[in-house]
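Engineer: One file: model.txt (compact mmCIF, C-alpha atoms).
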# COMPACT_ATOMS: atom_id res chain seq x y z
CA MET A 1 81.37 40.72 132.39
CA THR A 2 80.38 44.24 133.43
CA PHE A 3 81.78 47.02 131.26
CA SER A 4 84.19 49.18 133.24
CA GLY A 5 86.11 50.70 130.32
CA PHE A 6 88.65 49.42 127.85
CA GLY A 7 91.81 47.99 129.35
CA GLU A 8 94.90 49.98 130.21
CA TYR A 9 96.88 48.60 127.28
CA ALA A 10 94.17 48.65 124.59
CA ILE A 11 95.68 51.56 122.63
CA ASP A 12 99.24 50.32 123.24
CA PHE A 13 98.24 46.98 121.73
CA TYR A 14 97.14 48.63 118.48
CA ASP A 15 100.09 51.02 118.42
CA GLY A 16 102.31 47.96 118.47
CA LEU A 17 100.23 46.14 115.87
CA GLU A 18 100.57 49.07 113.47
CA LEU A 19 104.35 48.76 113.77
CA ASP A 20 104.46 44.96 113.58
CA ASN A 21 101.39 43.48 111.89
CA SER A 22 102.57 39.90 112.13
CA LYS A 23 101.40 36.58 113.56
CA ALA A 24 104.35 36.64 115.93
CA TYR A 25 103.25 39.96 117.45
CA TRP A 26 99.64 38.80 117.59
CA ASP A 27 100.49 35.55 119.34
CA ASP A 28 102.75 37.32 121.84
CA ASN A 29 100.05 39.89 122.68
CA LYS A 30 96.83 37.92 122.20
CA GLU A 31 96.03 37.90 125.91
CA THR A 32 96.21 41.70 125.96
CA TYR A 33 93.80 41.82 123.00
CA LEU A 34 91.34 39.48 124.71
CA ARG A 35 91.56 41.19 128.11
CA ASP A 36 91.83 44.88 127.20
CA VAL A 37 90.06 45.07 123.82
CA ARG A 38 87.71 42.27 122.86
CA GLY A 39 86.39 41.44 126.32
CA PRO A 40 85.46 45.07 127.08
CA MET A 41 83.95 45.49 123.60
CA GLU A 42 81.69 42.47 124.17
CA ALA A 43 80.71 43.84 127.57
CA LEU A 44 79.98 47.27 126.09
CA LEU A 45 77.64 45.81 123.48
CA ALA A 46 75.94 43.66 126.10
CA ALA A 47 75.32 46.74 128.24
CA LEU A 48 73.68 48.50 125.28
CA GLU A 49 71.62 45.51 124.10
CA LYS A 50 68.46 46.30 126.05
CA GLU A 51 68.07 49.68 124.34
CA PHE A 52 69.57 49.03 120.89
CA GLY A 53 69.43 45.28 120.33
CA PRO A 54 72.01 42.47 120.19
CA GLY A 55 75.40 43.28 118.72
CA LYS A 56 78.48 41.54 117.44
CA VAL A 57 82.22 42.17 117.51
CA PHE A 58 83.95 41.98 114.16
CA ARG A 59 86.69 39.44 113.56
CA PRO A 60 90.24 40.78 113.98
CA TYR A 61 91.43 39.19 110.75
CA ARG A 62 91.57 41.06 107.45
CA ASP A 63 90.24 39.55 104.21
CA VAL A 64 93.40 39.72 102.11
CA ARG A 65 92.30 37.54 99.20
CA PHE A 66 92.02 40.43 96.73
CA ALA A 67 93.98 43.09 98.64
CA LYS A 68 97.38 44.49 97.78
CA ASP A 69 98.01 44.96 101.49
CA LYS A 70 98.55 41.46 102.86
CA THR A 71 98.92 42.38 106.53
CA PRO A 72 96.76 39.83 108.38
CA TYR A 73 95.20 41.84 111.22
CA LYS A 74 92.89 44.85 111.48
CA THR A 75 94.39 47.75 113.43
CA HIS A 76 91.07 48.44 115.13
CA CYS A 77 88.27 46.57 116.88
CA GLY A 78 84.73 47.32 115.81
CA GLY A 79 81.34 46.37 117.17
CA VAL A 80 77.96 46.82 115.51
CA ILE A 81 74.26 46.56 116.21
CA GLU A 82 72.11 46.36 113.09
CA LYS A 83 68.99 44.61 111.84
CA GLY A 84 70.52 44.03 108.42
CA ARG A 85 73.53 45.28 106.53
CA GLY A 86 72.92 48.67 104.98
CA GLY A 87 69.58 49.25 106.65
CA GLY A 88 70.89 51.40 109.49
CA ALA A 89 73.60 50.52 112.01
CA TYR A 90 75.02 51.59 115.34
CA TYR A 91 78.81 51.23 115.24
CA VAL A 92 81.60 51.62 117.79
CA GLN A 93 85.32 51.23 117.27
CA ILE A 94 88.56 51.46 119.24
CA SER A 95 91.90 52.09 117.52
CA PRO A 96 95.02 54.25 117.90
CA GLU A 97 92.75 57.10 116.77
CA GLY A 98 90.77 56.64 119.99
CA LEU A 99 87.05 55.88 120.30
CA MET A 100 84.82 56.24 117.27
CA THR A 101 81.05 55.87 117.01
CA GLY A 102 79.00 55.95 113.85
CA GLY A 103 75.71 55.12 112.23
CA GLY A 104 73.80 54.98 108.98
CA SER A 105 74.03 52.85 105.84
CA PHE A 106 77.68 51.88 105.59
CA HIS A 107 77.16 49.60 102.58
CA MET A 108 74.35 49.51 100.01
CA ALA A 109 73.61 46.76 97.52
CA SER A 110 72.11 47.78 94.18
CA ASP A 111 68.49 47.39 95.35
CA GLN A 112 69.22 49.41 98.49
CA LEU A 113 70.86 52.17 96.48
CA ALA A 114 67.84 52.33 94.16
CA ARG A 115 65.49 52.72 97.14
CA TYR A 116 67.80 55.27 98.75
CA ARG A 117 67.85 57.50 95.66
CA ALA A 118 64.11 57.23 95.11
CA SER A 119 63.55 58.23 98.75
CA VAL A 120 66.00 61.14 98.60
CA ASP A 121 64.30 62.31 95.44
CA ALA A 122 60.88 62.19 97.11
CA HIS A 123 61.71 62.83 100.79
CA GLY A 124 65.10 64.51 100.72
CA VAL A 125 63.99 67.35 102.97
CA LEU A 126 63.59 64.99 105.93
CA LEU A 127 67.00 63.38 105.43
CA ARG A 128 68.55 66.83 105.04
CA LYS A 129 67.11 67.95 108.38
CA ILE A 130 68.38 64.82 110.11
CA VAL A 131 71.89 65.10 108.65
CA ASP A 132 72.15 68.84 109.31
CA LYS A 133 71.18 68.32 112.95
CA LEU A 134 73.84 65.62 113.37
CA VAL A 135 76.51 67.82 111.82
CA LYS A 136 75.59 70.60 114.28
CA GLN A 137 76.01 68.05 117.09
CA GLY A 138 79.58 67.38 116.00
CA TRP A 139 79.16 64.45 113.63
CA THR A 140 81.03 64.19 110.32
CA LEU A 141 79.05 63.10 107.25
CA CYS A 142 80.88 60.36 105.32
CA GLY A 143 80.32 57.83 102.57
CA ASP A 144 81.23 56.70 99.10
CA VAL A 145 80.31 59.72 96.97
CA MET A 146 80.17 59.90 93.17
CA ARG A 147 82.02 62.74 91.46
CA SER A 148 79.31 63.17 88.84
CA ARG A 149 75.54 63.19 89.21
CA PRO A 150 73.74 59.83 89.16
CA ARG A 151 71.92 59.02 85.95
CA GLY A 152 68.34 60.24 85.74
CA PHE A 153 68.68 63.26 88.02
CA ALA A 154 69.06 66.89 87.01
CA ASP A 155 72.13 68.99 87.70
CA ASP A 156 70.00 71.43 89.68
CA HIS A 157 68.31 68.82 91.88
CA PRO A 158 67.97 70.36 95.38
CA HIS A 159 69.42 67.24 97.01
CA LEU A 160 72.03 66.33 94.41
CA ASP A 161 74.80 66.14 97.02
CA LEU A 162 72.84 63.48 98.92
CA LEU A 163 71.92 61.63 95.73
CA LYS A 164 75.61 61.23 94.90
CA HIS A 165 76.12 59.04 97.97
CA ARG A 166 76.53 55.31 97.34
CA SER A 167 76.78 54.85 101.08
CA ILE A 168 75.92 57.38 103.77
CA TYR A 169 76.92 57.42 107.40
CA VAL A 170 78.19 59.73 110.12
CA ARG A 171 81.08 59.35 112.55
CA LYS A 172 82.33 61.00 115.72
CA VAL A 173 85.79 60.53 117.24
CA TRP A 174 87.25 61.05 120.70
CA GLU A 175 91.04 60.97 120.94
CA PRO A 176 92.46 58.56 123.55
CA ASP A 177 91.70 59.88 127.03
CA ASP A 178 91.00 58.66 130.56
CA VAL A 179 87.28 58.18 129.83
CA LEU A 180 88.15 55.41 127.37
CA HIS A 181 89.28 53.31 130.32
CA GLU A 182 86.41 54.19 132.64
CA PRO A 183 82.73 53.14 132.99
CA ALA A 184 81.83 56.62 131.66
CA CYS A 185 82.87 55.37 128.21
CA LEU A 186 79.55 53.48 128.14
CA ASP A 187 77.66 56.74 128.69
CA ARG A 188 79.64 58.36 125.88
CA VAL A 189 78.66 55.65 123.42
CA ARG A 190 75.04 55.48 124.60
CA LYS A 191 74.57 59.25 124.32
CA SER A 192 76.04 59.36 120.83
CA TRP A 193 73.95 56.42 119.64
CA ARG A 194 70.80 58.05 120.92
CA GLN A 195 71.55 60.99 118.65
CA LEU A 196 71.59 58.53 115.72
CA LYS A 197 68.12 57.07 116.23
CA ASP A 198 66.31 59.28 113.71
CA PHE A 199 69.03 58.73 111.11
CA ASN A 200 68.99 54.96 111.49
CA ALA A 201 65.18 54.93 111.48
CA TRP A 202 65.29 56.79 108.15
CA CYS A 203 67.77 54.25 106.78
CA GLU A 204 65.64 51.35 107.98
CA ASP A 205 62.45 52.80 106.47
CA HIS A 206 63.87 54.09 103.18
CA VAL A 207 66.84 51.82 102.44
CA GLY A 208 66.05 48.63 104.33
CA VAL A 209 67.80 45.29 104.15
CA SER A 210 68.95 44.13 100.73
CA GLU A 211 66.49 41.73 99.11
CA ALA A 212 69.44 39.90 97.53
CA ARG A 213 71.22 39.47 100.88
CA SER A 214 68.05 38.26 102.64
CA ARG A 215 67.55 35.32 100.28
If you took the structure in this file and wrote it as structure tokens, what would it be?
Structural biologist:
Amino acid sequence: MTFSGFGEYAIDFYDGLELDNSKAYWDDNKETYLRDVRGPMEALLAALEKEFGPGKVFRPYRDVRFAKDKTPYKTHCGGVIEKGRGGGAYYVQISPEGLMTGGGSFHMASDQLARYRASVDAHGVLLRKIVDKLVKQGWTLCGDVMRSRPRGFADDHPHLDLLKHRSIYVRKVWEPDDVLHEPACLDRVRKSWRQLKDFNAWCEDHVGVSEARSR
């Protein structure tokens, strides 16, 4: 399947799912999901594979085992290309919000967090330059951030704000528009991911894949 844009009813599908997150709605509209959402997402990742590597589309089902919210379906569709969880990722998502791309270390295990903080402590200037450049390009810096300083670091550490991150990633959002449904959507994602290469390379080199997860 060649990527030609997300289907005409992709956003409508998720607008409806937000109003009625039920198996009945899902079953009645599953063909729309497969045709206008999942199929195009798979084609988009396939078109980007040569430059960024093989990707996967996340399952549409929520893990509700320990959640207060028991609604069964995610109200977005995400795709990712990564060598290992936490060690740098290229992410793309479609939802009622529109198109979102992102990258970085979305989740860090304890060994990854230890390496991240040691690297920020020693090489924080490089990460700062990378993040500042992305922010100037329109990216938003996100992550799980501690309110207090991490143990073992001084209050006046020059990179304390970065050290407080327990995950660190950036995101960029385009509201629903005509491009979402056109082949040019591929160019939008490719261009944004290219801007993330230095950031993901830093994450791969200084955070890496969790040793616990690789066993």
Engineer: Enter the distance from CA of Ile130 (chain A) to CA of Glu49 (chain A), in Å, rounded to one decimal.
Structural biologist: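 Pair CA of Ile130 (chain A) / CA of Glu49 (chain A) returns 24.1 Å.
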Engineer: For Tyr73 (chain A), work out the shell of residues within 12 Å, counting only C-alpha atoms and skipping chain neighbours fewer than 4 positions away, then give it as number ranges by chain.
Structural biologist: A: 14, 16-27, 30, 33, 58-64, 69, 77
Engineer: Kindly indicate which residue among A:Arg38, A:Lys164, A:Lys172, A:Arg85 lies nearest to Leu99 (chain A), using all atoms listed in the file for the distances.
Structural biologist: A:Lys172
Engineer: Return the single residue from A:Gly84, A:Pro96, A:Gly102, A:Pro40 that is closest to Lys191 (chain A), with distances computed using all atoms listed in the file.
Structural biologist: A:Gly102
Engineer: When you count all atoms listed in the file, which of these residues is closest to Gly55 (chain A): A:Lys83, A:Arg171, A:Arg166, A:His107?
Structural biologist: A:Lys83
Engineer: With distances taken over only C-alpha atoms, which residue among A:Asp121, A:Asp111, A:Asp28, A:Asp178 lies nearest Pro150 (chain A)?
Structural biologist: A:Asp121
Engineer: Using only C-alpha atoms, which of A:Val57, A:Leu48, A:Met108, A:Ala43 sits nearest His206 (chain A)?
Structural biologist: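 Ranking A:Val57, A:Leu48, A:Met108, A:Ala43 by distance to His206 (chain A), first place goes to A:Met108.
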Engineer: Could you tell me how far CA of Gly104 (chain A) sits from CA of Asp144 (chain A), in Å to one decimal place?
Structural biologist: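 So the two atoms, CA of Asp144 (chain A) and CA of Gly104 (chain A), lie 12.5 Å apart.
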Engineer: Write out as a list in words which residues come within 10 Å of Cys142 (chain A) when counting all atoms listed in the file, dropping same-chain ones fewer than 3 positions away.
Structural biologist: Gly102, Gly104, Phe106, Trp139, Val145, His165, Ser167, Ile168, Tyr169, Val170 and Arg171 of chain A
Engineer: Point out the residue among A:Leu34, A:Ala89, A:Val131, A:Ile81 with the least atom-to-atom distance to Glu204 (chain A), counting only C-alpha atoms.
Structural biologist: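 For Glu204 (chain A), the nearest of the given residues is A:Ala89.
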Engineer: List the residues sitting within 12 Å of (67.8, 46.7, 121.0) in the file's frame, using only C-alpha atoms, as a list of chain:residue names.
Structural biologist: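 The requested residues, written out, are A:Leu45, A:Ala46, A:Ala47, A:Leu48, A:Glu49, A:Lys50, A:Glu51, A:Phe52, A:Gly53, A:Pro54, A:Gly55, A:Val80, A:Ile81, A:Glu82, A:Lys83, A:Ala89, A:Tyr90, A:Arg190, A:Trp193, A:Arg194, A:Lys197.
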Engineer: What's the 12 Å shell around Phe153 (chain A), counting only C-alpha atoms, without same-chain residues fewer than 6 positions away, as a list of chain:residue names?
Structural biologist: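 Using only C-alpha atoms, the neighbours found are A:Arg117, A:Ala118, A:Val120, A:Asp121, A:His159, A:Leu160, A:Asp161, A:Leu162, A:Leu163, A:Lys164.
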Engineer: What does the distance from CA of Gly152 (chain A) to CA of Asn200 (chain A) come to in Å, to one decimal?
Structural biologist: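 Between these atoms lies a distance of 26.3 Å.
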